[in-house]
Every structure is written in structure tokens, then in C-alpha cells.
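Participant: What follows is the file final09.pdb, containing PDB, C-alpha atoms:
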ATOM      1  CA  MET A   5       0.000   0.000   0.000
ATOM      2  CA  TRP A   6       1.175   3.455  -0.822
ATOM      3  CA  ASP A   7       2.385   5.625   1.994
ATOM      4  CA  GLY A   8       2.058   9.290   0.920
ATOM      5  CA  GLY A   9       4.183  10.313   3.876
ATOM      6  CA  LYS A  10       5.865  13.554   4.741
ATOM      7  CA  CYS A  11       6.314  14.760   1.176
ATOM      8  CA  GLY A  12       3.383  12.892  -0.331
ATOM      9  CA  LEU A  13       0.145  13.918  -1.929
ATOM     10  CA  PHE A  14      -1.893  12.804   1.074
ATOM     11  CA  SER A  15       0.411  13.964   3.837
ATOM     12  CA  ASN A  16      -0.182  15.518   7.203
ATOM     13  CA  PRO A  17      -0.739  19.279   6.657
ATOM     14  CA  ALA A  18       1.780  20.039   9.390
ATOM     15  CA  HIS A  19       4.290  17.901   7.563
ATOM     16  CA  LEU A  20       3.757  19.784   4.328
ATOM     17  CA  GLU A  21       5.343  22.877   5.811
ATOM     18  CA  ALA A  22       8.526  20.911   6.507
ATOM     19  CA  CYS A  23       8.542  19.142   3.150
ATOM     20  CA  SER A  24      11.870  19.365   1.417
ATOM     21  CA  SER A  25      10.435  18.921  -2.086
ATOM     22  CA  GLY A  26      10.493  22.661  -2.747
ATOM     23  CA  ASP A  27       6.759  23.311  -2.292
ATOM     24  CA  GLU A  28       5.985  26.437  -0.281
ATOM     25  CA  PRO A  29       4.131  26.148   3.051
ATOM     26  CA  ASN A  30       0.349  26.579   2.861
ATOM     27  CA  ARG A  31       0.481  26.167  -0.900
ATOM     28  CA  THR A  32      -2.721  24.983  -2.597
ATOM     29  CA  MET A  33      -2.157  22.685  -5.568
ATOM     30  CA  GLU A  34      -4.642  23.153  -8.393
ATOM     31  CA  VAL A  35      -5.402  20.372 -10.832
ATOM     32  CA  THR A  36      -8.127  20.771 -13.425
ATOM     33  CA  GLY A  37     -11.068  18.776 -12.125
ATOM     34  CA  MET A  38      -9.338  18.126  -8.788
ATOM     35  CA  LYS A  39      -8.347  20.597  -6.088
ATOM     36  CA  ILE A  40      -6.018  19.278  -3.440
ATOM     37  CA  ASP A  41      -5.365  21.498  -0.456
ATOM     38  CA  LYS A  42      -4.765  21.105   3.251
ATOM     39  CA  GLU A  43      -8.443  20.748   4.097
ATOM     40  CA  ALA A  44      -8.947  18.062   1.425
ATOM     41  CA  GLU A  45      -5.941  15.978   2.388
ATOM     42  CA  ILE A  46      -6.057  12.874   4.552
ATOM     43  CA  SER A  47      -4.359  14.451   7.526
ATOM     44  CA  GLU A  48      -3.081  11.486   9.550
ATOM     45  CA  ALA A  49      -3.799   8.751   7.047
ATOM     46  CA  TRP A  50      -0.311   8.303   5.692
ATOM     47  CA  ARG A  51       1.810   8.123   8.826
ATOM     48  CA  LYS A  52       5.245   6.883   7.783
ATOM     49  CA  GLU A  53       7.683   8.729   5.609
ATOM     50  CA  SER A  54       7.627   8.274   1.878
ATOM     51  CA  VAL A  55       9.997  10.234  -0.324
ATOM     52  CA  ARG A  56       8.188  11.833  -3.235
ATOM     53  CA  ILE A  57      10.561  12.067  -6.197
ATOM     54  CA  TYR A  58       8.236  14.034  -8.505
ATOM     55  CA  SER A  59       4.553  14.740  -9.054
ATOM     56  CA  SER A  60       2.118  15.754 -11.787
ATOM     57  CA  ALA A  61       0.239  18.046  -9.386
ATOM     58  CA  LYS A  62       1.336  21.260 -11.118
ATOM     59  CA  LEU A  63       0.724  20.083 -14.688
ATOM     60  CA  GLY A  64      -3.027  20.711 -14.800
ATOM     61  CA  TRP A  65      -4.066  17.149 -15.575
ATOM     62  CA  THR A  66      -7.767  16.351 -15.328
ATOM     63  CA  GLY A  67      -8.999  13.859 -12.743
ATOM     64  CA  ILE A  68      -5.669  12.358 -11.712
ATOM     65  CA  VAL A  69      -2.474  13.080  -9.842
ATOM     66  CA  LEU A  70       0.527  10.830 -10.427
ATOM     67  CA  GLU A  71       3.530  10.665  -8.128
ATOM     68  CA  TYR A  72       6.722   8.608  -7.974
ATOM     69  CA  HIS A  73       7.460   7.481  -4.425
ATOM     70  CA  LEU A  74      10.061   5.643  -2.426
ATOM     71  CA  ALA A  75       7.856   4.189   0.319
ATOM     72  CA  GLN A  76       9.839   3.452   3.477
ATOM     73  CA  PRO A  77       9.555   0.396   5.777
ATOM     74  CA  GLY A  78       7.252   0.664   8.782
ATOM     75  CA  GLU A  79       3.676   0.195   9.909
ATOM     76  CA  LYS A  80       0.965   1.595   7.627
ATOM     77  CA  PRO A  81      -2.255   1.392   9.689
ATOM     78  CA  LEU A  82      -5.829   1.014   8.463
ATOM     79  CA  THR A  83      -6.894   4.275   6.814
ATOM     80  CA  SER A  84      -9.288   5.762   4.282
ATOM     81  CA  THR A  85      -9.061   7.615   1.005
ATOM     82  CA  GLN A  86     -11.411   9.714  -1.094
ATOM     83  CA  TYR A  87      -9.642   8.673  -4.294
ATOM     84  CA  HIS A  88      -9.171   5.488  -6.275
ATOM     85  CA  ILE A  89      -5.528   4.547  -5.730
ATOM     86  CA  VAL A  90      -3.605   2.629  -8.407
ATOM     87  CA  GLU A  91      -0.003   1.659  -7.651
ATOM     88  CA  LEU A  92       2.552   0.205 -10.035
ATOM     89  CA  ALA A  93       5.581  -1.395  -8.380
ATOM     90  CA  VAL A  94       8.768  -0.445 -10.200
ATOM     91  CA  GLY A  95      12.496  -0.668  -9.600
ATOM     92  CA  GLN A  96      14.805  -3.642  -9.957
ATOM     93  CA  GLU A  97      14.096  -5.686  -6.823
ATOM     94  CA  PRO A  98      10.933  -6.999  -5.144
ATOM     95  CA  SER A  99       9.823  -5.600  -1.796
ATOM     96  CA  TYR A 100       8.629  -7.607   1.192
ATOM     97  CA  GLY A 101       6.382  -7.252   4.219
ATOM     98  CA  GLU A 102       3.178  -8.483   5.835
ATOM     99  CA  ARG A 103      -0.493  -7.747   5.254
ATOM    100  CA  PRO A 104      -3.673  -9.130   6.849
ATOM    101  CA  ASN A 105      -5.920 -11.684   5.182
ATOM    102  CA  ARG A 106      -9.701 -11.556   5.450
ATOM    103  CA  ARG A 107      -9.575 -13.195   8.860
ATOM    104  CA  GLY A 108      -7.150 -10.588  10.174
ATOM    105  CA  ALA A 109      -4.106 -12.845  10.314
ATOM    106  CA  PHE A 110      -0.927 -11.249   8.988
ATOM    107  CA  LEU A 111       0.782 -13.137   6.183
ATOM    108  CA  PRO A 112       4.025 -12.387   4.315
ATOM    109  CA  TYR A 113       3.856 -10.817   0.880
ATOM    110  CA  SER A 114       6.242 -10.100  -1.989
ATOM    111  CA  LYS A 115       5.666  -7.106  -4.254
ATOM    112  CA  TYR A 116       7.423  -7.643  -7.595
ATOM    113  CA  PRO A 117       8.146  -4.943 -10.189
ATOM    114  CA  GLY A 118       5.285  -4.723 -12.668
ATOM    115  CA  GLY A 119       2.648  -5.684 -10.117
ATOM    116  CA  ILE A 120      -0.421  -3.441  -9.863
ATOM    117  CA  ASN A 121      -2.350  -2.721  -6.671
ATOM    118  CA  ILE A 122      -5.799  -1.143  -6.982
ATOM    119  CA  TYR A 123      -7.749   0.293  -4.040
ATOM    120  CA  ALA A 124     -11.170   1.831  -4.631
ATOM    121  CA  GLU A 125     -12.134   4.880  -2.585
ATOM    122  CA  GLY A 126     -12.924   4.011   0.983
ATOM    123  CA  VAL A 127     -10.905   1.915   3.403
ATOM    124  CA  LEU A 128      -7.278   1.012   2.770
ATOM    125  CA  PRO A 129      -6.075  -2.073   4.668
ATOM    126  CA  PRO A 130      -3.084  -1.967   7.023
ATOM    127  CA  ILE A 131       0.284  -3.109   5.740
ATOM    128  CA  TYR A 132       3.712  -3.670   7.282
ATOM    129  CA  PRO A 133       6.457  -3.341   4.629
ATOM    130  CA  SER A 134       9.885  -4.457   5.786
ATOM    131  CA  THR A 135      11.785  -3.077   2.777
ATOM    132  CA  GLN A 136      11.724   0.112   0.721
ATOM    133  CA  THR A 137       9.283   0.047  -2.193
ATOM    134  CA  GLU A 138       9.477   2.054  -5.426
ATOM    135  CA  LEU A 139       5.988   2.968  -6.592
ATOM    136  CA  ILE A 140       4.288   4.967  -9.289
ATOM    137  CA  VAL A 141       1.070   6.054  -7.594
ATOM    138  CA  CYS A 142      -2.034   7.337  -9.378
ATOM    139  CA  ALA A 143      -4.817   9.018  -7.374
ATOM    140  CA  LEU A 144      -7.941   9.045  -9.539
ATOM    141  CA  LYS A 145     -10.943  11.188  -8.717
ATOM    142  CA  PRO A 146     -14.028   8.910  -8.469
ATOM    143  CA  ASP A 147     -16.308  11.434 -10.205
ATOM    144  CA  PHE A 148     -13.904  11.540 -13.136
ATOM    145  CA  VAL A 149     -13.861   7.732 -13.435
ATOM    146  CA  ALA A 150     -17.666   7.625 -13.152
ATOM    147  CA  GLU A 151     -17.948  10.178 -15.970
ATOM    148  CA  ILE A 152     -15.792   8.025 -18.237
ATOM    149  CA  ALA A 153     -17.793   4.924 -17.302
ATOM    150  CA  GLU A 154     -20.988   6.743 -18.239
ATOM    151  CA  GLU A 155     -19.471   7.780 -21.575
ATOM    152  CA  GLN A 156     -18.521   4.165 -22.275
ATOM    153  CA  GLY A 157     -22.104   3.007 -21.804
ATOM    154  CA  ALA A 158     -22.336  -0.762 -21.931
ATOM    155  CA  ILE A 159     -18.562  -1.197 -22.264
ATOM    156  CA  GLY A 160     -17.904  -0.785 -18.550
ATOM    157  CA  THR A 161     -19.178   0.247 -15.137
ATOM    158  CA  ALA A 162     -17.792   2.666 -12.589
ATOM    159  CA  GLU A 163     -16.272  -0.154 -10.525
ATOM    160  CA  LEU A 164     -12.516  -0.708 -10.539
ATOM    161  CA  PRO A 165     -11.015  -4.188 -10.149
ATOM    162  CA  GLU A 166      -9.660  -4.032  -6.602
ATOM    163  CA  GLY A 167      -6.731  -6.362  -6.069
ATOM    164  CA  ILE A 168      -3.118  -6.859  -5.052
ATOM    165  CA  GLY A 169      -0.340  -7.914  -7.390
ATOM    166  CA  LEU A 170      -2.483  -7.723 -10.533
ATOM    167  CA  ARG A 171      -0.767  -8.109 -13.891
ATOM    168  CA  ASP A 172      -1.864  -6.219 -16.979
ATOM    169  CA  GLU A 173       0.762  -5.013 -19.429
ATOM    170  CA  GLY A 174      -1.596  -2.539 -21.076
ATOM    171  CA  THR A 175      -2.368  -0.796 -17.787
ATOM    172  CA  ALA A 176       1.278  -0.863 -16.690
ATOM    173  CA  GLY A 177       2.379   0.571 -20.036
ATOM    174  CA  LEU A 178      -0.056   3.482 -19.807
ATOM    175  CA  ILE A 179       1.059   4.265 -16.247
ATOM    176  CA  ARG A 180       4.702   4.259 -17.352
ATOM    177  CA  LEU A 181       3.950   6.650 -20.221
ATOM    178  CA  LEU A 182       2.149   9.007 -17.844
ATOM    179  CA  ASP A 183       5.024   8.684 -15.381
ATOM    180  CA  GLU A 184       7.507   9.697 -18.080
ATOM    181  CA  GLU A 185       5.348  12.704 -18.946
ATOM    182  CA  ALA A 186       5.201  13.728 -15.262
ATOM    183  CA  ARG A 187       8.948  13.215 -14.850
ATOM    184  CA  THR A 188       9.707  15.502 -17.794
ATOM    185  CA  GLY A 189       7.313  18.230 -16.643
ATOM    186  CA  GLY A 190       4.573  17.656 -19.210
ATOM    187  CA  ARG A 191       6.904  17.925 -22.171
ATOM    188  CA  LEU A 192       4.454  16.598 -24.777
ATOM    189  CA  GLY A 193       1.488  18.723 -23.728
ATOM    190  CA  ARG A 194      -1.915  18.305 -22.126
ATOM    191  CA  LEU A 195      -3.617  16.671 -25.112
ATOM    192  CA  TYR A 196      -1.102  13.817 -25.024
ATOM    193  CA  ALA A 197      -1.417  13.373 -21.247
ATOM    194  CA  GLU A 198      -5.209  13.541 -21.219
ATOM    195  CA  HIS A 199      -5.425  10.938 -23.974
ATOM    196  CA  LEU A 200      -3.316   8.613 -21.824
ATOM    197  CA  ILE A 201      -5.416   9.384 -18.728
ATOM    198  CA  HIS A 202      -8.622   8.478 -20.569
ATOM    199  CA  ALA A 203      -7.058   5.330 -21.966
ATOM    200  CA  LEU A 204      -5.863   4.310 -18.480
ATOM    201  CA  SER A 205      -9.285   4.913 -16.940
ATOM    202  CA  GLN A 206     -10.993   2.949 -19.694
ATOM    203  CA  ARG A 207      -8.505   0.103 -19.318
ATOM    204  CA  LEU A 208      -9.106  -0.075 -15.565
ATOM    205  CA  LEU A 209     -12.876  -0.108 -16.071
ATOM    206  CA  LEU A 210     -12.600  -2.897 -18.626
ATOM    207  CA  MET A 211     -10.418  -4.873 -16.221
ATOM    208  CA  GLY A 212     -13.229  -4.539 -13.701
ATOM    209  CA  THR A 213     -15.851  -5.975 -16.054
ATOM    210  CA  ALA A 214     -13.664  -8.478 -17.932
ATOM    211  CA  LYS A 215     -15.283  -7.181 -21.147
ATOM    212  CA  GLU A 216     -13.667  -6.021 -24.332
ATOM    213  CA  ALA A 217     -14.882  -3.139 -26.445
ATOM    214  CA  ASN A 218     -16.201  -4.872 -29.537
ATOM    215  CA  ALA A 219     -18.982  -2.528 -30.585
ATOM    216  CA  SER A 220     -18.596  -0.864 -33.942
ATOM    217  CA  ILE A 221     -17.367   2.711 -33.802
ATOM    218  CA  ALA A 222     -18.684   5.407 -36.120
ATOM    219  CA  ALA A 223     -16.272   7.853 -37.687
ATOM    220  CA  LEU A 224     -16.485  11.493 -36.700
ATOM    221  CA  PRO A 225     -18.788  13.190 -39.273
ATOM    222  CA  ARG A 226     -16.873  15.322 -41.761
ATOM    223  CA  PRO A 227     -18.366  18.702 -40.765
ATOM    224  CA  ARG A 228     -17.487  18.065 -37.119
ATOM    225  CA  LEU A 229     -14.072  16.709 -38.030
ATOM    226  CA  LYS A 230     -13.424  19.885 -40.022
ATOM    227  CA  ARG A 231     -14.330  22.020 -36.989
ATOM    228  CA  VAL A 232     -11.859  20.081 -34.844
ATOM    229  CA  LEU A 233      -9.073  20.338 -37.435
ATOM    230  CA  ASP A 234      -9.729  24.058 -37.917
ATOM    231  CA  ARG A 235      -9.444  24.516 -34.139
ATOM    232  CA  MET A 236      -6.153  22.624 -34.122
ATOM    233  CA  GLN A 237      -4.779  24.796 -36.904
ATOM    234  CA  ALA A 238      -5.976  28.038 -35.326
ATOM    235  CA  ASP A 239      -4.517  27.221 -31.897
ATOM    236  CA  LEU A 240      -1.393  25.440 -33.062
ATOM    237  CA  SER A 241       0.879  27.448 -30.771
ATOM    238  CA  THR A 242      -1.170  26.770 -27.618
ATOM    239  CA  ASP A 243      -1.261  23.778 -25.284
ATOM    240  CA  LEU A 244      -4.563  22.413 -26.602
ATOM    241  CA  ASP A 245      -6.442  20.087 -24.271
ATOM    242  CA  LEU A 246      -8.832  17.215 -24.861
ATOM    243  CA  HIS A 247     -11.840  19.063 -23.437
ATOM    244  CA  SER A 248     -11.563  21.881 -25.987
ATOM    245  CA  LEU A 249     -11.342  19.540 -28.980
ATOM    246  CA  ALA A 250     -14.127  17.264 -27.754
ATOM    247  CA  LYS A 251     -16.365  20.300 -27.209
ATOM    248  CA  GLU A 252     -15.649  21.381 -30.781
ATOM    249  CA  SER A 253     -16.814  17.963 -32.005
ATOM    250  CA  GLY A 254     -19.996  17.966 -29.938
ATOM    251  CA  TYR A 255     -19.258  14.572 -28.396
ATOM    252  CA  SER A 256     -17.996  13.394 -25.018
ATOM    253  CA  LYS A 257     -14.235  13.067 -24.631
ATOM    254  CA  SER A 258     -14.299   9.267 -24.753
ATOM    255  CA  HIS A 259     -16.508   9.156 -27.846
ATOM    256  CA  PHE A 260     -14.497  11.906 -29.524
ATOM    257  CA  LEU A 261     -11.234   9.984 -29.087
ATOM    258  CA  ARG A 262     -12.684   6.832 -30.639
ATOM    259  CA  MET A 263     -14.513   8.602 -33.470
ATOM    260  CA  PHE A 264     -11.554  10.821 -34.363
ATOM    261  CA  ARG A 265      -9.304   7.797 -34.708
ATOM    262  CA  GLU A 266     -11.915   6.006 -36.785
ATOM    263  CA  ALA A 267     -12.105   9.037 -39.115
ATOM    264  CA  THR A 268      -8.372   9.752 -39.451
ATOM    265  CA  GLY A 269      -6.582   6.534 -38.515
ATOM    266  CA  ILE A 270      -4.530   8.303 -35.822
ATOM    267  CA  THR A 271      -5.096   9.955 -32.439
ATOM    268  CA  PRO A 272      -5.805  13.679 -31.966
ATOM    269  CA  TYR A 273      -2.338  14.126 -30.454
ATOM    270  CA  GLN A 274      -0.680  12.445 -33.446
ATOM    271  CA  TYR A 275      -2.676  14.600 -35.860
ATOM    272  CA  LEU A 276      -1.805  17.766 -33.937
ATOM    273  CA  LEU A 277       1.870  16.798 -33.965
ATOM    274  CA  ARG A 278       1.683  16.291 -37.737
ATOM    275  CA  LEU A 279       0.205  19.782 -38.181
ATOM    276  CA  ARG A 280       2.940  21.277 -36.004
ATOM    277  CA  LEU A 281       5.688  19.578 -37.971
ATOM    278  CA  GLN A 282       4.176  20.701 -41.267
ATOM    279  CA  GLN A 283       3.975  24.292 -40.012
ATOM    280  CA  ALA A 284       7.553  24.095 -38.761
ATOM    281  CA  GLN A 285       8.727  22.934 -42.199
ATOM    282  CA  ARG A 286       6.945  25.853 -43.880
ATOM    283  CA  MET A 287       8.448  28.377 -41.475
ATOM    284  CA  ILE A 288      11.937  26.907 -41.830
ATOM    285  CA  LYS A 289      11.667  27.222 -45.604
ATOM    286  CA  GLU A 290      10.741  30.889 -45.263
ATOM    287  CA  LYS A 291      14.015  31.514 -43.380
ATOM    288  CA  SER A 292      12.508  34.515 -41.612
ATOM    289  CA  SER A 293      12.559  33.163 -38.055
ATOM    290  CA  GLY A 294      15.037  31.434 -35.787
ATOM    291  CA  LEU A 295      14.502  27.807 -34.856
ATOM    292  CA  VAL A 296      13.701  28.602 -31.218
ATOM    293  CA  ASP A 297      10.985  31.048 -32.300
ATOM    294  CA  ILE A 298       9.630  28.522 -34.784
ATOM    295  CA  ALA A 299       9.448  25.860 -32.076
ATOM    296  CA  PHE A 300       7.300  28.024 -29.798
ATOM    297  CA  ALA A 301       5.177  29.350 -32.680
ATOM    298  CA  CYS A 302       4.320  25.763 -33.645
ATOM    299  CA  GLY A 303       3.385  24.700 -30.118
ATOM    300  CA  PHE A 304       6.486  22.721 -29.159
ATOM    301  CA  SER A 305       7.622  23.037 -25.556
ATOM    302  CA  SER A 306      11.215  23.811 -26.573
ATOM    303  CA  HIS A 307      13.672  23.750 -29.465
ATOM    304  CA  THR A 308      14.893  20.383 -28.158
ATOM    305  CA  HIS A 309      11.359  19.007 -28.237
ATOM    306  CA  MET A 310      10.881  20.165 -31.838
ATOM    307  CA  SER A 311      14.234  18.710 -32.880
ATOM    308  CA  ARG A 312      13.424  15.325 -31.371
ATOM    309  CA  MET A 313       9.981  15.138 -33.020
ATOM    310  CA  PHE A 314      11.424  16.424 -36.305
ATOM    311  CA  ARG A 315      14.094  13.731 -36.364
ATOM    312  CA  GLN A 316      11.609  10.980 -35.517
ATOM    313  CA  ALA A 317       9.225  12.022 -38.297
ATOM    314  CA  ILE A 318      11.588  13.201 -41.044
ATOM    315  CA  GLY A 319      14.914  11.604 -40.189
ATOM    316  CA  ILE A 320      16.909  14.814 -39.807
ATOM    317  CA  THR A 321      17.022  17.749 -37.388
ATOM    318  CA  PRO A 322      15.513  21.186 -38.157
ATOM    319  CA  SER A 323      19.032  22.597 -38.536
ATOM    320  CA  GLU A 324      19.916  19.919 -41.090
ATOM    321  CA  TYR A 325      16.617  20.531 -42.864
ATOM    322  CA  ARG A 326      17.335  24.265 -43.090
ATOM    323  CA  ARG A 327      20.862  23.673 -44.416
ATOM    324  CA  GLY A 328      19.442  21.393 -47.113
ATOM    325  CA  ILE A 329      17.162  24.077 -48.501
ATOM    326  CA  SER A 330      18.715  25.686 -51.532
TER     327      SER A 330
END
Here is the file; what I need is its structure written in the form of C-alpha cells.

Facilitator:
Amino acid sequence: MWDGGKCGLFSNPAHLEACSSGDEPNRTMEVTGMKIDKEAEISEAWRKESVRIYSSAKLGWTGIVLEYHLAQPGEKPLTSTQYHIVELAVGQEPSYGERPNRRGAFLPYSKYPGGINIYAEGVLPPIYPSTQTELIVCALKPDFVAEIAEEQGAIGTAELPEGIGLRDEGTAGLIRLLDEEARTGGRLGRLYAEHLIHALSQRLLLMGTAKEANASIAALPRPRLKRVLDRMQADLSTDLDLHSLAKESGYSKSHFLRMFREATGITPYQYLLRLRLQQAQRMIKEKSSGLVDIAFACGFSSHTHMSRMFRQAIGITPSEYRRGIS
């Protein structure tokens, strides 16, 4: 079980003021769709220290906060949470400890890298880890998950598959991608992160129902697709989010993601990246702006980000591309 600890998301408010992570005392963290402040935290719920390495709390993600923790050994008593907690064990070595069974007897456990622990909102059982544990921890807002479940209709329900040591490579892969985005400070933008968040939530819901999405998916109608693409082109330099594009289409976020892919063959993020690269090529050919200015004008987070995407798509860097223009 995750111990948010002194520097964690769900730490004691008094501890927050002594946190060495760089956050200021009394600071309120705002996340779109989720506000986490002292009053909303679980004050004494996470009693033992856990070192938070980094967090997505300042990135403006909707419905979720992701943190990378080094959870320390020690008693983690019975507690409660207002969020769905999803943990992915990472690192190179397994961790060990004891946890109670349904009869209350404590039994040894081993937590191996790649294992997933899912706790729905409510009561979290006690746990007694004897070794340090590396965890990627996702705190999902129940209302957000319920909204996605409603959008999915018959594909899933709002119940998550509670369990310890679950294995699902799809879920683990999505968590790792979100973790990389949090670690790099949201380098690829909100649209990319929110697509992953929706995919993770949908995957968890499907795990809970043991159903697969096999219903036919309609393509986004051309007039609505054109509105979405026009919005992408008009706001190319901004950090477009999923909500704005879905609103342009007139569909829910979950339906928009599926219908856009059915219409174009790629995700909204991939299409937006294609538009940005095409605009960057045009601006480079004009030779009127520096590469740093072009990067920001096309919506890339930095010149390095543009160069990396440019090389992946075209095979050369923007500088090489410019030198090759006669």
C-alpha cells in the first residue's frame, strides 16, 4: 500500500510545511477537475515517511495526480481515502512485508516490479512493509472515473477491479507513459497526457468488467471533423487540451477519441503533432525566423522538443533541414 508520507500527496498538513520537495508552506495545488489542499488531504492517514521524487500536481491534468514514491519500511495502519488509488511497483528488486488476510491474520507478501495494486475509494487495509518500495502512484478522482464509465455506456461500469499484485501489461504501459510525462514536466502537452489518462481509466474499467470493447465505432462526421481540425490549426501554438477539442466535435471526450481515430486513422495528439511539424517545415523554408521562435510558434515546448519530433518524423534535425534548402 502506498504511503504518501511527509512529502506525499496525502500527507499531514503540518508535515507539508517541513517538506523538502520545494513546495511552499500553505500552498494549494490546483489540478483541473481536482483541487487538493490542506483541508482536502487525509491528515493522519499516511503516517510513515515516503519520499516523493516528482509529481504531476502542477501540470493541470484532469482527474488524476501521479507521483513517484520511495515508500519506506514501517507500519501503515488502516486508513481511508477519497480517491481510487492505483499503484505500479517499479524498480529492480521486489519488496517484502506483511499484510492481513480476510480473517485478520498477517501473512508475508512479496511485491514484484510490474505488479499493480488497486484500491477503490474508501478503506485502505493496514500493511507492514519491511523493505523500501518504489511505486508509481495514481490518485484518480471517483467522479472523473464515473464520468468516463458513463461515456462508455455498456462497455464498462464505474467499478474498478480491486486487487493486489495484478498483472496487466496494457495498464502498466499506460502508467509508465504518464510517469515519463510527469517526470519531464509535461513535455508533450496536455492533449497527449489527457489521452493517456482516458485510456488508463478505460482500461481499468474494462479490467473490472472483464469485457472487451467490440462494438462498432462510427467515424467522426466530416463537418465536425473539419471544426476540430480548424481549431487545431488556429490554436497550433497553444497547449490544446482534450476538453476543448471534444467540445468542438460535440461529443464526449471518450466518444471523440474513438470517433476521431476512426475518421483519421490516428489519435488527436498524433494529428496535432503532424500539423505542427508541417507548419515548422513551412516556417523553416521561409528563413525569416530562428529555430527557437519557430518551435514556440508551432506549439512545441522547446527547441529540443521540436528537434526530437522532427528527427523521428523526417529523419533529420531542423538545422539539417534548413541547411538542405537551396

Participant: Find the residues of range 241-267 of chain A that sit at most 10 Å from range 65-73 of chain A; for each, write down the nearest two atoms and how far apart they are in Å, to one decimal. Count all atoms listed in the file. Sort by chain, then by number going up, and give it as JSON lines.

Facilitator:
{"residue": "A:Asp245", "atom": "CA", "partner": "A:Trp65", "partner_atom": "CA", "distance": 9.5}
{"residue": "A:Leu246", "atom": "CA", "partner": "A:Thr66", "partner_atom": "CA", "distance": 9.6}
{"residue": "A:His247", "atom": "CA", "partner": "A:Thr66", "partner_atom": "CA", "distance": 9.5}

Participant: Env of range 291-294 of chain A: 12 Å cut, atoms = all atoms listed in the file, seq-sep filter 3 positions within chain, self excluded. Answer as a PyMOL selection string.

Facilitator: chain A and resi 284-288+297-302+307+322-323+325-327+329-330

Participant: How many Å separate CA of Arg265 in chain A from CA of Tyr196 in chain A?

Facilitator: 14.0 Å

Participant: Compile the contact shell of Pro104 in chain A as a CSV table (one decimal) with C-alpha atoms, in the frame of the given file: residues with an atom at most 10 Å away, counting all atoms listed in the file, same-chain residues fewer than 2 positions apart removed.

Facilitator:
chain,number,residue,atom,x,y,z
A,102,GLU,CA,3.2,-8.5,5.8
A,106,ARG,CA,-9.7,-11.6,5.4
A,107,ARG,CA,-9.6,-13.2,8.9
A,108,GLY,CA,-7.2,-10.6,10.2
A,109,ALA,CA,-4.1,-12.8,10.3
A,110,PHE,CA,-0.9,-11.2,9.0
A,111,LEU,CA,0.8,-13.1,6.2
A,112,PRO,CA,4.0,-12.4,4.3
A,113,TYR,CA,3.9,-10.8,0.9
A,129,PRO,CA,-6.1,-2.1,4.7
A,130,PRO,CA,-3.1,-2.0,7.0
A,131,ILE,CA,0.3,-3.1,5.7
A,132,TYR,CA,3.7,-3.7,7.3

Participant: Take the PyMOL selection byres ((chain A and resi 191) around 12), apply it to the structure above, and return the hits as a list in words.

Facilitator: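 On the file shown, the PyMOL selection byres ((chain A and resi 191) around 12) covers Ser60, Leu63, Leu181, Leu182, Asp183, Glu184, Glu185, Ala186, Arg187, Thr188, Gly189, Gly190, Leu192, Gly193, Arg194, Leu195, Tyr196, Ala197, Asp243, Gly303, Phe304, Ser305, Ser306, His307, Thr308, His309, Met310, Arg312 and Met313 of chain A.
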
Participant: So how many Å separate CA of Leu229 in chain A and CA of Gly64 in chain A, to one decimal?

Facilitator: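 Rounded to one decimal, the two atoms are 26.0 Å apart.
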
Participant: CA of Leu277 in chain A and CA of Ile152 in chain A are how many Å apart?

Facilitator: 25.2 Å
